[in-house]
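See below for my_file.pdb, which holds PDB, C-alpha atoms.
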ATOM      1  CA  MET P   1     -15.050  59.005-168.609
ATOM      2  CA  SER P   2     -16.042  56.303-166.117
ATOM      3  CA  THR P   3     -18.066  57.257-163.037
ATOM      4  CA  GLU P   4     -17.130  54.056-161.174
ATOM      5  CA  PRO P   5     -14.555  54.710-158.410
ATOM      6  CA  LEU P   6     -11.037  53.992-159.586
ATOM      7  CA  THR P   7      -9.325  51.469-157.332
ATOM      8  CA  ALA P   8      -5.977  49.710-157.518
ATOM      9  CA  GLU P   9      -7.817  46.425-158.085
ATOM     10  CA  ARG P  10      -9.738  47.820-161.074
ATOM     11  CA  ILE P  11      -6.496  49.125-162.535
ATOM     12  CA  LEU P  12      -4.807  45.746-162.110
ATOM     13  CA  GLU P  13      -7.741  43.947-163.752
ATOM     14  CA  ALA P  14      -7.608  46.346-166.687
ATOM     15  CA  THR P  15      -3.840  45.995-166.920
ATOM     16  CA  GLU P  16      -4.167  42.227-167.173
ATOM     17  CA  GLU P  17      -6.663  42.621-170.015
ATOM     18  CA  VAL P  18      -4.415  45.118-171.818
ATOM     19  CA  LEU P  19      -1.433  42.797-171.420
ATOM     20  CA  ARG P  20      -3.473  39.923-172.817
ATOM     21  CA  ARG P  21      -4.480  42.011-175.827
ATOM     22  CA  HIS P  22      -1.240  43.860-176.608
ATOM     23  CA  GLY P  23       1.513  41.845-174.922
ATOM     24  CA  PRO P  24       4.137  43.271-172.546
ATOM     25  CA  ALA P  25       6.190  45.005-175.228
ATOM     26  CA  LYS P  26       3.328  47.131-176.572
ATOM     27  CA  ALA P  27       1.043  47.603-173.553
ATOM     28  CA  THR P  28       1.131  51.147-172.151
ATOM     29  CA  VAL P  29      -0.354  53.017-169.214
ATOM     30  CA  VAL P  30      -2.374  55.012-171.747
ATOM     31  CA  ASP P  31      -3.897  51.714-172.960
ATOM     32  CA  VAL P  32      -4.824  50.833-169.388
ATOM     33  CA  ALA P  33      -6.377  54.266-168.825
ATOM     34  CA  ARG P  34      -8.333  53.968-172.076
ATOM     35  CA  GLN P  35      -9.606  50.530-170.997
ATOM     36  CA  LEU P  36     -10.856  52.108-167.750
ATOM     37  CA  GLY P  37     -12.201  55.298-169.334
ATOM     38  CA  VAL P  38      -9.963  57.528-167.211
ATOM     39  CA  SER P  39      -6.923  59.733-167.790
ATOM     40  CA  HIS P  40      -3.497  58.140-167.566
ATOM     41  CA  GLY P  41      -2.764  60.591-164.732
ATOM     42  CA  SER P  42      -5.470  58.844-162.691
ATOM     43  CA  VAL P  43      -3.661  55.531-163.123
ATOM     44  CA  TYR P  44      -0.371  57.151-162.082
ATOM     45  CA  ARG P  45      -2.000  58.361-158.845
ATOM     46  CA  HIS P  46      -2.298  54.703-157.815
ATOM     47  CA  PHE P  47       0.917  53.423-159.419
ATOM     48  CA  ARG P  48       3.699  56.000-159.658
ATOM     49  CA  THR P  49       5.435  54.371-162.638
ATOM     50  CA  LYS P  50       4.753  51.885-165.414
ATOM     51  CA  SER P  51       7.279  49.604-163.743
ATOM     52  CA  ALA P  52       5.371  49.755-160.434
ATOM     53  CA  LEU P  53       2.151  48.853-162.262
ATOM     54  CA  ARG P  54       3.772  45.891-164.001
ATOM     55  CA  GLU P  55       5.270  44.747-160.695
ATOM     56  CA  ALA P  56       1.888  44.960-158.962
ATOM     57  CA  VAL P  57       0.073  43.016-161.672
ATOM     58  CA  THR P  58       2.786  40.343-161.552
ATOM     59  CA  LYS P  59       2.448  40.064-157.762
ATOM     60  CA  ARG P  60      -1.334  39.826-158.052
ATOM     61  CA  TRP P  61      -0.990  36.981-160.554
ATOM     62  CA  LEU P  62       1.453  35.053-158.353
ATOM     63  CA  ASP P  63      -0.550  35.700-155.181
ATOM     64  CA  ARG P  64      -3.511  33.790-156.622
ATOM     65  CA  THR P  65      -1.472  30.598-156.424
ATOM     66  CA  THR P  66      -0.210  31.366-152.916
ATOM     67  CA  ARG P  67      -3.778  31.907-151.709
ATOM     68  CA  GLU P  68      -5.035  28.708-153.356
ATOM     69  CA  LEU P  69      -2.402  26.666-151.535
ATOM     70  CA  SER P  70      -2.704  28.403-148.172
ATOM     71  CA  SER P  71      -5.850  26.419-147.331
ATOM     72  CA  ILE P  72      -3.718  23.263-147.316
ATOM     73  CA  ALA P  73      -0.734  24.779-145.508
ATOM     74  CA  ASP P  74      -2.676  26.764-142.898
ATOM     75  CA  ASP P  75      -4.691  23.902-141.354
ATOM     76  CA  GLU P  76      -2.686  21.429-139.305
ATOM     77  CA  PRO P  77      -3.219  18.065-140.993
ATOM     78  CA  LYS P  78      -3.567  14.680-139.320
ATOM     79  CA  ASP P  79      -1.546  13.241-142.179
ATOM     80  CA  ALA P  80       1.332  15.518-143.164
ATOM     81  CA  GLU P  81       2.334  13.245-146.044
ATOM     82  CA  ALA P  82      -1.148  13.475-147.601
ATOM     83  CA  ALA P  83      -1.113  17.245-147.026
ATOM     84  CA  LEU P  84       2.272  17.689-148.708
ATOM     85  CA  ARG P  85       1.185  15.498-151.618
ATOM     86  CA  ALA P  86      -2.007  17.577-151.983
ATOM     87  CA  TRP P  87      -0.016  20.833-151.748
ATOM     88  CA  LEU P  88       2.472  19.790-154.449
ATOM     89  CA  ALA P  89      -0.389  18.583-156.667
ATOM     90  CA  GLY P  90      -2.207  21.864-156.077
ATOM     91  CA  LEU P  91       0.869  23.874-157.073
ATOM     92  CA  PHE P  92       1.364  21.814-160.224
ATOM     93  CA  GLU P  93      -2.305  22.073-161.171
ATOM     94  CA  ALA P  94      -2.357  25.842-160.608
ATOM     95  CA  LYS P  95       0.694  26.317-162.841
ATOM     96  CA  ARG P  96      -0.622  23.948-165.529
ATOM     97  CA  ARG P  97      -3.982  25.702-165.516
ATOM     98  CA  LYS P  98      -2.348  29.108-165.950
ATOM     99  CA  ALA P  99      -0.214  27.835-168.822
ATOM    100  CA  GLY P 100      -3.020  25.898-170.519
ATOM    101  CA  ASP P 101      -6.079  28.104-170.061
ATOM    102  CA  ASP P 102      -4.539  31.306-171.390
ATOM    103  CA  PRO P 103      -1.201  30.607-173.120
ATOM    104  CA  GLN P 104      -0.913  34.179-174.413
ATOM    105  CA  LEU P 105      -1.280  35.690-170.949
ATOM    106  CA  PHE P 106       1.053  33.042-169.513
ATOM    107  CA  ALA P 107       3.707  34.015-172.067
ATOM    108  CA  THR P 108       3.180  37.654-171.114
ATOM    109  CA  TYR P 109       3.717  36.854-167.464
ATOM    110  CA  GLU P 110       6.901  34.951-168.252
ATOM    111  CA  VAL P 111       8.272  38.271-169.544
ATOM    112  CA  LEU P 112       7.027  40.131-166.458
ATOM    113  CA  LEU P 113       8.489  37.487-164.132
ATOM    114  CA  ALA P 114      11.905  38.048-165.685
ATOM    115  CA  GLU P 115      11.514  41.816-165.092
ATOM    116  CA  ASN P 116      10.385  41.471-161.482
ATOM    117  CA  SER P 117      12.818  39.065-159.868
ATOM    118  CA  ALA P 118      12.201  40.516-156.385
ATOM    119  CA  VAL P 119       8.475  39.748-156.687
ATOM    120  CA  VAL P 120       9.283  36.237-157.875
ATOM    121  CA  GLU P 121      11.677  35.669-154.974
ATOM    122  CA  GLU P 122       9.025  36.865-152.526
ATOM    123  CA  HIS P 123       6.530  34.446-154.096
ATOM    124  CA  ILE P 124       8.984  31.547-153.827
ATOM    125  CA  THR P 125       9.728  32.463-150.210
ATOM    126  CA  GLU P 126       6.003  32.327-149.406
ATOM    127  CA  LEU P 127       5.586  28.965-151.137
ATOM    128  CA  VAL P 128       8.618  27.463-149.385
ATOM    129  CA  ALA P 129       7.253  28.734-146.040
ATOM    130  CA  GLN P 130       4.033  26.829-146.714
ATOM    131  CA  ILE P 131       5.991  23.626-147.389
ATOM    132  CA  GLU P 132       8.026  24.292-144.264
ATOM    133  CA  GLN P 133       4.857  24.429-142.162
ATOM    134  CA  ILE P 134       3.675  21.058-143.482
ATOM    135  CA  VAL P 135       7.126  19.487-142.998
ATOM    136  CA  HIS P 136       7.251  20.867-139.453
ATOM    137  CA  TRP P 137       3.910  19.253-138.623
ATOM    138  CA  GLY P 138       5.108  15.984-140.150
ATOM    139  CA  VAL P 139       8.262  15.986-138.026
ATOM    140  CA  GLU P 140       6.287  16.897-134.885
ATOM    141  CA  ARG P 141       3.911  13.982-135.475
ATOM    142  CA  GLY P 142       6.727  11.551-136.265
ATOM    143  CA  GLN P 143       5.502  11.130-139.861
ATOM    144  CA  PHE P 144       8.659  12.704-141.321
ATOM    145  CA  THR P 145      12.245  12.406-140.157
ATOM    146  CA  ALA P 146      14.064  15.621-139.328
ATOM    147  CA  LEU P 147      16.648  15.612-142.126
ATOM    148  CA  GLY P 148      17.859  19.094-141.234
ATOM    149  CA  PRO P 149      16.404  22.498-140.383
ATOM    150  CA  ASP P 150      12.817  22.741-141.675
ATOM    151  CA  PRO P 151      13.573  25.709-143.997
ATOM    152  CA  GLN P 152      16.360  23.784-145.760
ATOM    153  CA  VAL P 153      14.213  20.677-146.144
ATOM    154  CA  ALA P 154      11.316  22.754-147.456
ATOM    155  CA  ARG P 155      13.540  24.447-150.028
ATOM    156  CA  ALA P 156      14.902  21.049-151.078
ATOM    157  CA  VAL P 157      11.349  19.766-151.627
ATOM    158  CA  PHE P 158      10.534  22.869-153.664
ATOM    159  CA  ASP P 159      13.682  22.523-155.767
ATOM    160  CA  ALA P 160      13.252  18.777-156.273
ATOM    161  CA  THR P 161       9.804  19.340-157.788
ATOM    162  CA  SER P 162      10.710  22.424-159.849
ATOM    163  CA  ARG P 163      10.013  20.647-163.143
ATOM    164  CA  PHE P 164       6.348  20.763-162.172
ATOM    165  CA  HIS P 165       6.065  24.430-161.249
ATOM    166  CA  ASP P 166       8.887  26.400-162.881
ATOM    167  CA  PRO P 167       7.441  28.137-165.992
ATOM    168  CA  ALA P 168      10.582  27.186-167.931
ATOM    169  CA  TYR P 169       9.198  23.639-168.035
ATOM    170  CA  ALA P 170       5.681  24.618-169.156
ATOM    171  CA  PRO P 171       5.950  22.963-172.615
ATOM    172  CA  GLN P 172       6.537  19.603-170.867
ATOM    173  CA  TRP P 173       3.315  19.929-168.853
ATOM    174  CA  LEU P 174       1.286  19.018-171.940
ATOM    175  CA  LYS P 175       2.918  15.602-172.306
ATOM    176  CA  PRO P 176       0.418  12.719-171.775
ATOM    177  CA  GLU P 177       2.719  11.020-169.263
ATOM    178  CA  ILE P 178       3.401  14.121-167.170
ATOM    179  CA  LEU P 179       1.079  13.151-164.293
ATOM    180  CA  VAL P 180       2.748   9.746-163.968
ATOM    181  CA  GLU P 181       6.134  11.458-163.900
ATOM    182  CA  PHE P 182       4.866  13.951-161.317
ATOM    183  CA  GLU P 183       3.629  11.159-159.037
ATOM    184  CA  ALA P 184       6.974   9.340-159.345
ATOM    185  CA  VAL P 185       8.903  12.431-158.226
ATOM    186  CA  VAL P 186       6.495  13.133-155.356
ATOM    187  CA  ASP P 187       6.734   9.493-154.209
ATOM    188  CA  LEU P 188      10.522   9.798-154.212
ATOM    189  CA  VAL P 189      10.451  13.071-152.237
ATOM    190  CA  LEU P 190       8.003  11.724-149.666
ATOM    191  CA  GLY P 191       9.990   8.504-149.405
ATOM    192  CA  GLY P 192      13.048  10.589-148.607
ATOM    193  CA  LEU P 193      11.205  12.434-145.863
ATOM    194  CA  ARG P 194      10.194   9.085-144.296
ATOM    195  CA  LEU P 195      13.467   7.280-145.077
ATOM    196  CA  LEU P 196      15.140   7.189-141.677
ATOM    197  CA  ASP P 197      11.996   5.820-140.069
ATOM    198  CA  ARG P 198      12.649   2.576-141.934
ATOM    199  CA  ILE P 199      16.375   2.283-141.174
TER     200      ILE P 199
END

Using structure tokens, write down the structure that the file contains.
Amino acid sequence: MSTEPLTAERILEATEEVLRRHGPAKATVVDVARQLGVSHGSVYRHFRTKSALREAVTKRWLDRTTRELSSIADDEPKDAEAALRAWLAGLFEAKRRKAGDDPQLFATYEVLLAENSAVVEEHITELVAQIEQIVHWGVERGQFTALGPDPQVARAVFDATSRFHDPAYAPQWLKPEILVEFEAVVDLVLGGLRLLDRI
């Protein structure tokens, strides 16, 4: 048995490793406990059910991306267009990295994402809120035109670029021309946000 204190974070790290090794269909709480050198009852003291554990590990995985992007969204930029471009590129890069660096774990998380739609919706809400903040600054500074309420515009930006962050499109992210296609879509979105300034 392990003498290191058992924390939720240690359990989530071990769960990720077990999922990588066994996949979502075969991974069990007993496997996680074995990985940690503790009883499965100890794991259940932190996460009441297997479902709660899988939900927590999914949230942890998604939260990494939210945190990476928050540094762009949290600091008021002088140039909102450059900030939004950097944010969208950061989101695309984070998703591509997850899909490319560890395809087996990425495939595992695709299964978990389907199981935990509430966690996914919360993640999307957080990402759209970050876009909304950048759009708001752009409108305040006169760099973007107010095309509607900021939340609607932010969601439209998110949806318009979904090909570059929705896991369903992951196989396309390996195409050699994908970065050119990404830039073309971002140029179009940013052009739309500036459009009325030129009319």

Evaluate the PyMOL selection byres ((chain P and resi 97) around 12) on the structure here and hand back the selected residues as a compact mmCIF listing (two decimals) with C-alpha atoms, in the frame of the given file.
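Generated output (expr-v1.txt):
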# COMPACT_ATOMS: atom_id res chain seq x y z
CA THR P 65 -1.47 30.60 -156.42
CA ALA P 89 -0.39 18.58 -156.67
CA GLY P 90 -2.21 21.86 -156.08
CA LEU P 91 0.87 23.87 -157.07
CA PHE P 92 1.36 21.81 -160.22
CA GLU P 93 -2.31 22.07 -161.17
CA ALA P 94 -2.36 25.84 -160.61
CA LYS P 95 0.69 26.32 -162.84
CA ARG P 96 -0.62 23.95 -165.53
CA LYS P 98 -2.35 29.11 -165.95
CA ALA P 99 -0.21 27.84 -168.82
CA GLY P 100 -3.02 25.90 -170.52
CA ASP P 101 -6.08 28.10 -170.06
CA ASP P 102 -4.54 31.31 -171.39
CA PRO P 103 -1.20 30.61 -173.12
CA LEU P 105 -1.28 35.69 -170.95
CA PHE P 106 1.05 33.04 -169.51
CA PHE P 164 6.35 20.76 -162.17
CA HIS P 165 6.06 24.43 -161.25
CA PRO P 167 7.44 28.14 -165.99
CA ALA P 170 5.68 24.62 -169.16
CA TRP P 173 3.32 19.93 -168.85
CA LEU P 174 1.29 19.02 -171.94

### Task
Determine, counting all atoms listed in the file, which protein, DNA and RNA residues have an atom within 12 Å of an atom of Ala184 in chain P; residues of the same chain fewer than 5 positions away are not included. Present the result as a list in words.
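Within the cut-off, the hits are Arg85, Ala160, Thr161, Phe164, Glu177, Ile178, Leu179, Val189, Leu190 and Gly191 of chain P.
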
### Query
Just so the selection is clear, what residues does the PyMOL selection byres ((chain P and resi 150) around 10) cover here, as an NGL selection string?
:P and (128-129 or 131-136 or 139 or 146-149 or 151-156)

### Query
Any idea what's packed within 8 Å of Arg194 in chain P, counting all atoms listed in the file, ignoring anything in its chain fewer than 6 positions away? Could you give it as a VMD selection string?
chain P and resid 143 to 145

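Restricting the calculation to all atoms listed in the file, the smallest distance between Leu19 in chain P and any of P:Asp31, P:Asp166, P:Glu4, P:Asp74 is found for P:Asp31.
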